[in-house]
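Trainee: Sending over model.pdb (PDB, C-alpha atoms).
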```pdb
ATOM      1  CA  GLU S   1     -33.588 -13.797  11.259  1.00  0.00           C
ATOM      2  CA  TYR S   2     -36.587 -12.583   9.271  1.00  0.00           C
ATOM      3  CA  ALA S   3     -34.378 -10.289   7.194  1.00  0.00           C
ATOM      4  CA  GLU S   4     -31.824 -13.048   6.604  1.00  0.00           C
ATOM      5  CA  GLY S   5     -34.618 -15.362   5.549  1.00  0.00           C
ATOM      6  CA  LYS S   6     -35.514 -12.778   2.918  1.00  0.00           C
ATOM      7  CA  GLY S   7     -31.935 -12.723   1.614  1.00  0.00           C
ATOM      8  CA  SER S   8     -30.737  -9.618   3.460  1.00  0.00           C
ATOM      9  CA  LEU S   9     -27.488  -9.458   5.439  1.00  0.00           C
ATOM     10  CA  GLN S  10     -27.545  -7.084   8.403  1.00  0.00           C
ATOM     11  CA  VAL S  11     -24.434  -5.079   9.362  1.00  0.00           C
ATOM     12  CA  ALA S  12     -24.355  -3.074  12.598  1.00  0.00           C
ATOM     13  CA  ALA S  13     -21.978  -0.673  14.310  1.00  0.00           C
ATOM     14  CA  ALA S  14     -20.619  -1.969  17.613  1.00  0.00           C
ATOM     15  CA  GLY S  15     -21.128   1.363  19.374  1.00  0.00           C
ATOM     16  CA  ASN S  16     -18.913   4.170  20.602  1.00  0.00           C
ATOM     17  CA  SER S  17     -18.719   3.817  24.395  1.00  0.00           C
ATOM     18  CA  ASN S  18     -15.390   1.951  24.658  1.00  0.00           C
ATOM     19  CA  TYR S  19     -17.446  -0.733  26.375  1.00  0.00           C
ATOM     20  CA  ASP S  20     -16.929  -4.490  26.692  1.00  0.00           C
ATOM     21  CA  LEU S  21     -20.062  -6.004  25.184  1.00  0.00           C
ATOM     22  CA  ALA S  22     -18.963  -9.478  26.294  1.00  0.00           C
ATOM     23  CA  ASN S  23     -18.664  -8.473  29.946  1.00  0.00           C
ATOM     24  CA  LYS S  24     -21.437  -6.051  30.697  1.00  0.00           C
ATOM     25  CA  THR S  25     -21.348  -3.997  33.873  1.00  0.00           C
ATOM     26  CA  THR S  26     -24.145  -4.773  36.295  1.00  0.00           C
ATOM     27  CA  ASP S  27     -26.005  -1.667  37.431  1.00  0.00           C
ATOM     28  CA  THR S  28     -29.493  -0.520  38.351  1.00  0.00           C
ATOM     29  CA  ALA S  29     -29.715   2.955  36.814  1.00  0.00           C
ATOM     30  CA  SER S  30     -30.122   4.361  33.332  1.00  0.00           C
ATOM     31  CA  PRO S  31     -27.841   7.412  33.155  1.00  0.00           C
ATOM     32  CA  ASN S  32     -28.810   8.259  29.584  1.00  0.00           C
ATOM     33  CA  ASP S  33     -32.467   8.765  30.491  1.00  0.00           C
ATOM     34  CA  SER S  34     -33.640  12.168  31.742  1.00  0.00           C
ATOM     35  CA  THR S  35     -35.453  10.336  34.523  1.00  0.00           C
ATOM     36  CA  PRO S  36     -33.475   7.229  35.576  1.00  0.00           C
ATOM     37  CA  VAL S  37     -35.416   4.001  35.295  1.00  0.00           C
ATOM     38  CA  THR S  38     -34.684   1.083  37.592  1.00  0.00           C
ATOM     39  CA  ARG S  39     -33.064  -1.764  35.699  1.00  0.00           C
ATOM     40  CA  THR S  40     -30.451  -4.471  35.983  1.00  0.00           C
ATOM     41  CA  ILE S  41     -27.944  -4.898  33.155  1.00  0.00           C
ATOM     42  CA  THR S  42     -26.142  -8.240  32.964  1.00  0.00           C
ATOM     43  CA  ASN S  43     -24.664 -10.419  30.223  1.00  0.00           C
ATOM     44  CA  ALA S  44     -28.140 -11.846  29.724  1.00  0.00           C
ATOM     45  CA  CYS S  45     -29.128  -8.495  28.204  1.00  0.00           C
ATOM     46  CA  ILE S  46     -28.191  -8.042  24.554  1.00  0.00           C
ATOM     47  CA  ASP S  47     -27.244  -4.853  22.776  1.00  0.00           C
ATOM     48  CA  ILE S  48     -29.675  -4.238  19.896  1.00  0.00           C
ATOM     49  CA  PRO S  49     -29.123  -4.510  16.967  1.00  0.00           C
ATOM     50  CA  THR S  50     -25.453  -5.334  17.578  1.00  0.00           C
ATOM     51  CA  GLU S  51     -25.986  -8.686  19.275  1.00  0.00           C
ATOM     52  CA  LEU S  52     -29.032  -9.925  17.390  1.00  0.00           C
ATOM     53  CA  PRO S  53     -28.584 -13.312  15.683  1.00  0.00           C
ATOM     54  CA  GLY S  54     -27.041 -13.128  12.225  1.00  0.00           C
ATOM     55  CA  VAL S  55     -25.951  -9.492  12.505  1.00  0.00           C
ATOM     56  CA  VAL S  56     -22.372  -8.649  11.475  1.00  0.00           C
ATOM     57  CA  THR S  57     -21.012  -6.523  14.323  1.00  0.00           C
ATOM     58  CA  VAL S  58     -18.302  -4.045  13.325  1.00  0.00           C
ATOM     59  CA  ALA S  59     -15.610  -2.452  15.489  1.00  0.00           C
ATOM     60  CA  ALA S  60     -13.797   0.709  14.421  1.00  0.00           C
ATOM     61  CA  GLN S  61     -10.105   1.126  13.691  1.00  0.00           C
ATOM     62  CA  GLY S  62      -8.154   4.349  13.976  1.00  0.00           C
ATOM     63  CA  ASN S  63      -4.680   5.342  12.836  1.00  0.00           C
ATOM     64  CA  GLY S  64      -2.457   2.435  11.869  1.00  0.00           C
ATOM     65  CA  GLY S  65      -5.326  -0.019  12.203  1.00  0.00           C
ATOM     66  CA  ALA S  66      -5.405   0.112  16.008  1.00  0.00           C
ATOM     67  CA  LYS S  67      -8.692  -0.137  17.868  1.00  0.00           C
ATOM     68  CA  ALA S  68     -10.336   3.282  17.826  1.00  0.00           C
ATOM     69  CA  SER S  69     -10.339   4.764  21.323  1.00  0.00           C
ATOM     70  CA  TYR S  70     -14.143   4.917  21.470  1.00  0.00           C
ATOM     71  CA  SER S  71     -15.009   1.601  19.807  1.00  0.00           C
ATOM     72  CA  ASN S  72     -16.974  -0.967  21.767  1.00  0.00           C
ATOM     73  CA  PHE S  73     -15.387  -4.404  21.868  1.00  0.00           C
ATOM     74  CA  GLY S  74     -16.043  -7.910  23.145  1.00  0.00           C
ATOM     75  CA  ASN S  75     -14.706 -11.382  22.484  1.00  0.00           C
ATOM     76  CA  GLY S  76     -17.352 -13.395  20.682  1.00  0.00           C
ATOM     77  CA  VAL S  77     -19.342 -10.256  19.865  1.00  0.00           C
ATOM     78  CA  ILE S  78     -17.185  -8.351  17.374  1.00  0.00           C
ATOM     79  CA  ASP S  79     -17.162 -10.024  13.952  1.00  0.00           C
ATOM     80  CA  VAL S  80     -14.819  -7.800  11.935  1.00  0.00           C
ATOM     81  CA  ALA S  81     -13.220  -4.356  12.038  1.00  0.00           C
ATOM     82  CA  ALA S  82     -12.937  -1.494   9.557  1.00  0.00           C
ATOM     83  CA  PRO S  83     -11.676   2.114   9.450  1.00  0.00           C
ATOM     84  CA  GLY S  84     -13.816   4.427  11.546  1.00  0.00           C
ATOM     85  CA  GLY S  85     -11.451   7.305  12.235  1.00  0.00           C
ATOM     86  CA  ASP S  86     -10.148   8.482  15.589  1.00  0.00           C
ATOM     87  CA  GLY S  87      -9.366  11.930  16.911  1.00  0.00           C
ATOM     88  CA  SER S  88      -8.433  14.372  14.168  1.00  0.00           C
ATOM     89  CA  SER S  89      -8.173  11.571  11.592  1.00  0.00           C
ATOM     90  CA  GLY S  90     -11.789  11.017  10.632  1.00  0.00           C
ATOM     91  CA  VAL S  91     -13.605   9.402   7.736  1.00  0.00           C
ATOM     92  CA  TYR S  92     -14.748  11.917   5.125  1.00  0.00           C
ATOM     93  CA  SER S  93     -18.521  11.681   5.114  1.00  0.00           C
ATOM     94  CA  THR S  94     -21.745  13.446   4.296  1.00  0.00           C
ATOM     95  CA  LEU S  95     -23.078  15.857   6.925  1.00  0.00           C
ATOM     96  CA  PRO S  96     -26.497  17.423   7.504  1.00  0.00           C
ATOM     97  CA  GLY S  97     -27.309  20.294   5.193  1.00  0.00           C
ATOM     98  CA  GLY S  98     -25.680  18.757   2.130  1.00  0.00           C
ATOM     99  CA  LYS S  99     -22.172  19.261   3.503  1.00  0.00           C
ATOM    100  CA  TYR S 100     -19.110  17.049   3.901  1.00  0.00           C
ATOM    101  CA  GLY S 101     -16.639  16.632   6.731  1.00  0.00           C
ATOM    102  CA  ASN S 102     -14.590  14.235   8.819  1.00  0.00           C
ATOM    103  CA  MET S 103     -16.464  11.983  11.220  1.00  0.00           C
ATOM    104  CA  ASN S 104     -15.420   9.294  13.703  1.00  0.00           C
ATOM    105  CA  GLY S 105     -17.423   6.305  14.849  1.00  0.00           C
ATOM    106  CA  THR S 106     -18.320   2.689  14.393  1.00  0.00           C
ATOM    107  CA  SER S 107     -21.054   4.075  12.151  1.00  0.00           C
ATOM    108  CA  MET S 108     -18.229   5.173   9.855  1.00  0.00           C
ATOM    109  CA  ALA S 109     -16.725   1.667  10.000  1.00  0.00           C
ATOM    110  CA  SER S 110     -19.842  -0.406   9.372  1.00  0.00           C
ATOM    111  CA  PRO S 111     -20.561   1.046   5.885  1.00  0.00           C
ATOM    112  CA  HIS S 112     -17.101  -0.147   4.818  1.00  0.00           C
ATOM    113  CA  VAL S 113     -18.117  -3.659   5.821  1.00  0.00           C
ATOM    114  CA  ALA S 114     -21.478  -3.383   4.091  1.00  0.00           C
ATOM    115  CA  GLY S 115     -19.628  -2.362   0.930  1.00  0.00           C
ATOM    116  CA  VAL S 116     -17.237  -5.308   1.157  1.00  0.00           C
ATOM    117  CA  ALA S 117     -20.218  -7.608   1.731  1.00  0.00           C
ATOM    118  CA  ALA S 118     -21.756  -6.230  -1.466  1.00  0.00           C
ATOM    119  CA  LEU S 119     -18.515  -6.965  -3.332  1.00  0.00           C
ATOM    120  CA  ILE S 120     -18.566 -10.539  -2.042  1.00  0.00           C
ATOM    121  CA  ALA S 121     -22.158 -10.900  -3.216  1.00  0.00           C
ATOM    122  CA  SER S 122     -21.268  -9.466  -6.630  1.00  0.00           C
ATOM    123  CA  VAL S 123     -18.680 -12.175  -7.332  1.00  0.00           C
ATOM    124  CA  ASN S 124     -20.683 -14.902  -5.581  1.00  0.00           C
ATOM    125  CA  PRO S 125     -24.286 -14.206  -6.644  1.00  0.00           C
ATOM    126  CA  SER S 126     -25.530 -17.535  -5.288  1.00  0.00           C
ATOM    127  CA  PHE S 127     -24.236 -16.874  -1.755  1.00  0.00           C
ATOM    128  CA  THR S 128     -26.747 -16.738   1.067  1.00  0.00           C
ATOM    129  CA  PRO S 129     -26.459 -14.039   3.745  1.00  0.00           C
ATOM    130  CA  ALA S 130     -24.860 -16.620   6.053  1.00  0.00           C
ATOM    131  CA  GLN S 131     -22.243 -17.458   3.418  1.00  0.00           C
ATOM    132  CA  ILE S 132     -21.478 -13.775   2.855  1.00  0.00           C
ATOM    133  CA  ARG S 133     -21.102 -13.314   6.602  1.00  0.00           C
ATOM    134  CA  ASP S 134     -18.698 -16.256   6.766  1.00  0.00           C
ATOM    135  CA  GLN S 135     -16.707 -14.926   3.814  1.00  0.00           C
ATOM    136  CA  LEU S 136     -16.320 -11.555   5.520  1.00  0.00           C
ATOM    137  CA  GLY S 137     -14.368 -13.378   8.203  1.00  0.00           C
ATOM    138  CA  VAL S 138     -12.387 -15.480   5.742  1.00  0.00           C
ATOM    139  CA  GLN S 139     -11.144 -12.517   3.709  1.00  0.00           C
ATOM    140  CA  ALA S 140     -10.373 -10.331   6.727  1.00  0.00           C
ATOM    141  CA  THR S 141      -6.748  -9.626   7.578  1.00  0.00           C
ATOM    142  CA  ASP S 142      -5.905 -11.025  11.010  1.00  0.00           C
ATOM    143  CA  ARG S 143      -5.025  -8.473  13.648  1.00  0.00           C
ATOM    144  CA  ALA S 144      -3.763  -9.692  17.008  1.00  0.00           C
ATOM    145  CA  CYS S 145      -4.539  -8.116  20.362  1.00  0.00           C
ATOM    146  CA  PRO S 146      -2.246  -5.285  21.411  1.00  0.00           C
ATOM    147  CA  SER S 147      -0.770  -5.191  24.897  1.00  0.00           C
ATOM    148  CA  ASP S 148      -4.168  -4.388  26.366  1.00  0.00           C
ATOM    149  CA  THR S 149      -5.645  -6.742  28.954  1.00  0.00           C
ATOM    150  CA  ARG S 150      -9.168  -5.894  27.824  1.00  0.00           C
ATOM    151  CA  CYS S 151      -8.577  -7.631  24.493  1.00  0.00           C
ATOM    152  CA  LYS S 152      -9.420 -11.306  24.860  1.00  0.00           C
ATOM    153  CA  GLY S 153      -9.077 -14.024  22.255  1.00  0.00           C
ATOM    154  CA  THR S 154      -6.482 -15.150  19.744  1.00  0.00           C
ATOM    155  CA  ALA S 155      -4.439 -13.611  16.957  1.00  0.00           C
ATOM    156  CA  THR S 156      -7.065 -14.738  14.450  1.00  0.00           C
ATOM    157  CA  LYS S 157     -10.195 -13.844  16.406  1.00  0.00           C
ATOM    158  CA  ASN S 158     -10.439 -11.509  19.366  1.00  0.00           C
ATOM    159  CA  GLY S 159     -12.547  -8.932  21.092  1.00  0.00           C
ATOM    160  CA  PHE S 160     -10.977  -5.856  19.507  1.00  0.00           C
ATOM    161  CA  PHE S 161     -10.991  -6.842  15.827  1.00  0.00           C
ATOM    162  CA  GLY S 162     -13.092  -9.997  15.567  1.00  0.00           C
ATOM    163  CA  GLU S 163     -11.756 -12.035  12.662  1.00  0.00           C
ATOM    164  CA  GLY S 164      -9.738  -9.072  11.434  1.00  0.00           C
ATOM    165  CA  ALA S 165      -9.899  -6.009   9.208  1.00  0.00           C
ATOM    166  CA  VAL S 166     -11.998  -6.322   6.068  1.00  0.00           C
ATOM    167  CA  ASP S 167     -10.111  -6.228   2.767  1.00  0.00           C
ATOM    168  CA  ALA S 168     -12.067  -5.226  -0.335  1.00  0.00           C
ATOM    169  CA  LEU S 169      -9.457  -6.565  -2.775  1.00  0.00           C
ATOM    170  CA  LYS S 170      -9.262  -9.967  -1.113  1.00  0.00           C
ATOM    171  CA  ALA S 171     -13.042 -10.071  -0.933  1.00  0.00           C
ATOM    172  CA  VAL S 172     -13.282 -10.284  -4.704  1.00  0.00           C
ATOM    173  CA  GLY S 173     -10.409 -12.745  -5.017  1.00  0.00           C
ATOM    174  CA  GLY S 174      -7.872 -10.116  -6.002  1.00  0.00           C
ATOM    175  CA  SER S 175      -4.250  -9.664  -5.132  1.00  0.00           C
ATOM    176  CA  THR S 176      -1.681  -6.942  -5.493  1.00  0.00           C
ATOM    177  CA  PRO S 177      -1.740  -6.054  -9.197  1.00  0.00           C
ATOM    178  CA  PRO S 178       1.450  -6.690 -11.141  1.00  0.00           C
ATOM    179  CA  PRO S 179       3.458  -3.698 -12.323  1.00  0.00           C
ATOM    180  CA  GLY S 180       2.454  -2.348 -15.703  1.00  0.00           C
ATOM    181  CA  LYS S 181       4.545  -2.829 -18.817  1.00  0.00           C
ATOM    182  CA  TYR S 182       7.223  -0.316 -19.609  1.00  0.00           C
ATOM    183  CA  PHE S 183       9.588   0.165 -22.524  1.00  0.00           C
ATOM    184  CA  GLU S 184      12.921   1.916 -22.661  1.00  0.00           C
ATOM    185  CA  ASN S 185      15.928   2.711 -24.809  1.00  0.00           C
ATOM    186  CA  LEU S 186      19.130   2.724 -22.774  1.00  0.00           C
ATOM    187  CA  THR S 187      21.441   3.660 -25.639  1.00  0.00           C
ATOM    188  CA  ASP S 188      23.145   7.018 -25.102  1.00  0.00           C
ATOM    189  CA  VAL S 189      22.692   9.510 -27.926  1.00  0.00           C
ATOM    190  CA  ALA S 190      25.036  12.463 -28.407  1.00  0.00           C
ATOM    191  CA  VAL S 191      23.389  15.820 -29.085  1.00  0.00           C
ATOM    192  CA  PRO S 192      25.636  17.980 -31.304  1.00  0.00           C
ATOM    193  CA  ASP S 193      24.979  21.700 -31.674  1.00  0.00           C
ATOM    194  CA  ASN S 194      22.242  22.756 -34.105  1.00  0.00           C
ATOM    195  CA  THR S 195      21.282  19.144 -34.817  1.00  0.00           C
ATOM    196  CA  THR S 196      18.160  17.008 -34.369  1.00  0.00           C
ATOM    197  CA  VAL S 197      18.665  13.484 -33.046  1.00  0.00           C
ATOM    198  CA  GLU S 198      16.226  10.648 -32.341  1.00  0.00           C
ATOM    199  CA  SER S 199      16.087   7.932 -29.685  1.00  0.00           C
ATOM    200  CA  PRO S 200      13.339   5.496 -30.741  1.00  0.00           C
ATOM    201  CA  ILE S 201      11.561   3.207 -28.283  1.00  0.00           C
ATOM    202  CA  THR S 202      10.004  -0.002 -29.614  1.00  0.00           C
ATOM    203  CA  VAL S 203       6.649  -0.962 -28.104  1.00  0.00           C
ATOM    204  CA  SER S 204       5.529  -4.576 -28.559  1.00  0.00           C
ATOM    205  CA  GLY S 205       3.207  -7.147 -27.054  1.00  0.00           C
ATOM    206  CA  VAL S 206       0.515  -4.617 -26.202  1.00  0.00           C
ATOM    207  CA  THR S 207      -3.009  -4.876 -27.571  1.00  0.00           C
ATOM    208  CA  GLY S 208      -6.008  -2.593 -27.454  1.00  0.00           C
ATOM    209  CA  ASN S 209      -6.166   1.171 -27.200  1.00  0.00           C
ATOM    210  CA  ALA S 210      -3.520   3.190 -25.431  1.00  0.00           C
ATOM    211  CA  PRO S 211      -4.405   4.502 -21.953  1.00  0.00           C
ATOM    212  CA  ALA S 212      -5.469   8.107 -21.588  1.00  0.00           C
ATOM    213  CA  THR S 213      -2.184   9.003 -19.887  1.00  0.00           C
ATOM    214  CA  LEU S 214       1.332   7.623 -19.972  1.00  0.00           C
ATOM    215  CA  LYS S 215       4.300   8.432 -17.777  1.00  0.00           C
ATOM    216  CA  VAL S 216       7.446   9.282 -19.734  1.00  0.00           C
ATOM    217  CA  GLY S 217      10.918   9.807 -18.331  1.00  0.00           C
ATOM    218  CA  VAL S 218      13.930  11.209 -20.186  1.00  0.00           C
ATOM    219  CA  ASP S 219      17.436  11.366 -18.720  1.00  0.00           C
ATOM    220  CA  VAL S 220      19.294  14.278 -20.333  1.00  0.00           C
ATOM    221  CA  LYS S 221      22.833  15.331 -19.472  1.00  0.00           C
ATOM    222  CA  HIS S 222      24.034  18.390 -21.373  1.00  0.00           C
ATOM    223  CA  THR S 223      26.222  21.372 -20.608  1.00  0.00           C
ATOM    224  CA  TYR S 224      23.601  23.784 -21.899  1.00  0.00           C
ATOM    225  CA  ILE S 225      20.325  22.103 -20.991  1.00  0.00           C
ATOM    226  CA  GLY S 226      18.507  25.380 -21.561  1.00  0.00           C
ATOM    227  CA  ASP S 227      19.375  25.198 -25.272  1.00  0.00           C
ATOM    228  CA  LEU S 228      17.573  21.892 -25.787  1.00  0.00           C
ATOM    229  CA  LYS S 229      14.071  21.050 -26.900  1.00  0.00           C
ATOM    230  CA  VAL S 230      12.846  17.492 -26.305  1.00  0.00           C
ATOM    231  CA  ASP S 231       9.730  16.202 -28.075  1.00  0.00           C
ATOM    232  CA  LEU S 232       7.942  12.876 -27.789  1.00  0.00           C
ATOM    233  CA  VAL S 233       6.603  11.760 -31.164  1.00  0.00           C
ATOM    234  CA  ALA S 234       3.768   9.225 -30.951  1.00  0.00           C
ATOM    235  CA  PRO S 235       3.258   6.478 -33.577  1.00  0.00           C
ATOM    236  CA  ASP S 236       0.472   8.520 -35.163  1.00  0.00           C
ATOM    237  CA  GLY S 237       2.810  11.493 -35.567  1.00  0.00           C
ATOM    238  CA  SER S 238       1.422  13.530 -32.675  1.00  0.00           C
ATOM    239  CA  VAL S 239       4.131  15.617 -30.996  1.00  0.00           C
ATOM    240  CA  TYR S 240       4.280  16.216 -27.234  1.00  0.00           C
ATOM    241  CA  THR S 241       6.893  18.615 -25.895  1.00  0.00           C
ATOM    242  CA  LEU S 242       8.677  17.294 -22.810  1.00  0.00           C
ATOM    243  CA  HIS S 243      11.322  20.013 -22.466  1.00  0.00           C
ATOM    244  CA  ASN S 244      11.409  23.374 -24.199  1.00  0.00           C
ATOM    245  CA  ARG S 245      14.633  25.328 -23.672  1.00  0.00           C
ATOM    246  CA  THR S 246      14.113  26.145 -20.005  1.00  0.00           C
TER     247      THR S 246
END
```
Kindly present the structure from the file in structure tokens form.

Mentor:
Amino acid sequence: EYAEGKGSLQVAAAGNSNYDLANKTTDTASPNDSTPVTRTITNACIDIPTELPGVVTVAAQGNGGAKASYSNFGNGVIDVAAPGGDGSSGVYSTLPGGKYGNMNGTSMASPHVAGVAALIASVNPSFTPAQIRDQLGVQATDRACPSDTRCKGTATKNGFFGEGAVDALKAVGGSTPPPGKYFENLTDVAVPDNTTVESPITVSGVTGNAPATLKVGVDVKHTYIGDLKVDLVAPDGSVYTLHNRT
């Protein structure tokens, strides 16, 4: 709450124990301590920082967007989900010693969400942390529970995926970009022996500088294709060889 009051949104990994955070197991031992300490874990105990007020809790997705096998879950606890890798399909990440490699974990998923939150803030600079947190849920792609009885909730909000998988493009109000413009000349041109022919393509309705690269396709049917040389001549006279007698 202090951090949120200072304008900071907190994002936390849900954890990697394949554990139901909404239905904690009651026990009286601490198996992760070298010397077990007497305790009682119930739903009254919260997982820190995952269940602190205002924290965005992130579950991990594996191949195909399914819940990662290790990811903690819990209806009412998980806010959103993001790719975290699973098995041999990890998230390419930095490693100790200045190296890189594939890693799995909700700690691989939560940075994706932090990045999407930053995108939301970039296009909505007046948003408070609470508004950014809400928008993370709004832009997320719904993912229903699989046929797994541990997943509680609805198709739009459940214990495996929260309000769904974050979507960076939707977060900034984007959509699938339209296809780029293309130009073509569909008129067949005969290629007699020992002759140069041209097949001009008219480009119109395009402003600004040309992109650094363009994809060009030429459909050539000829008995002796190895005798042909095909050049693309740009408007400025530059010549680019597309086929050279091979």

Trainee: Between S:Val206, S:Val123, S:Val166, S:Ala190, single out the one closest to S:Gln139, counting only C-alpha atoms.

Mentor: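 Checking each of S:Val206, S:Val123, S:Val166, S:Ala190 against S:Gln139, counting only C-alpha atoms, the winner is S:Val166.
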
Trainee: Could you write out as a list of chain:residue names the residues that the PyMOL selection byres ((chain S and resi 116) around 9) matches in the shown file?

Mentor: S:Pro111, S:His112, S:Val113, S:Ala114, S:Gly115, S:Ala117, S:Ala118, S:Leu119, S:Ile120, S:Ala121, S:Leu136, S:Val166, S:Asp167, S:Ala168, S:Leu169, S:Ala171, S:Val172

Trainee: With distances taken over all atoms listed in the file, which residue among S:Ile46, S:Val56, S:Leu21, S:Ala234 lies nearest S:Ile132?

Mentor: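 The shortest atom-to-atom distance to S:Ile132 comes from S:Val56.
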
Trainee: Find the distance between atom CA of S:Ala59 and atom CA of S:Ser17 and write it in Å to one decimal.

Mentor: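 So the two atoms, atom CA of S:Ala59 and atom CA of S:Ser17, lie 11.3 Å apart.
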
Trainee: What does the distance between atom CA of S:Lys99 and atom CA of S:Asp86 come to in Å, to one decimal place?

Mentor: 20.2 Å

Trainee: If you measure from atom CA of S:Thr154 to atom CA of S:Ser89, what distance in Å do you get, rounded to one decimal?

Mentor: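 Taking atom CA of S:Thr154 and atom CA of S:Ser89, their separation equals 28.0 Å.
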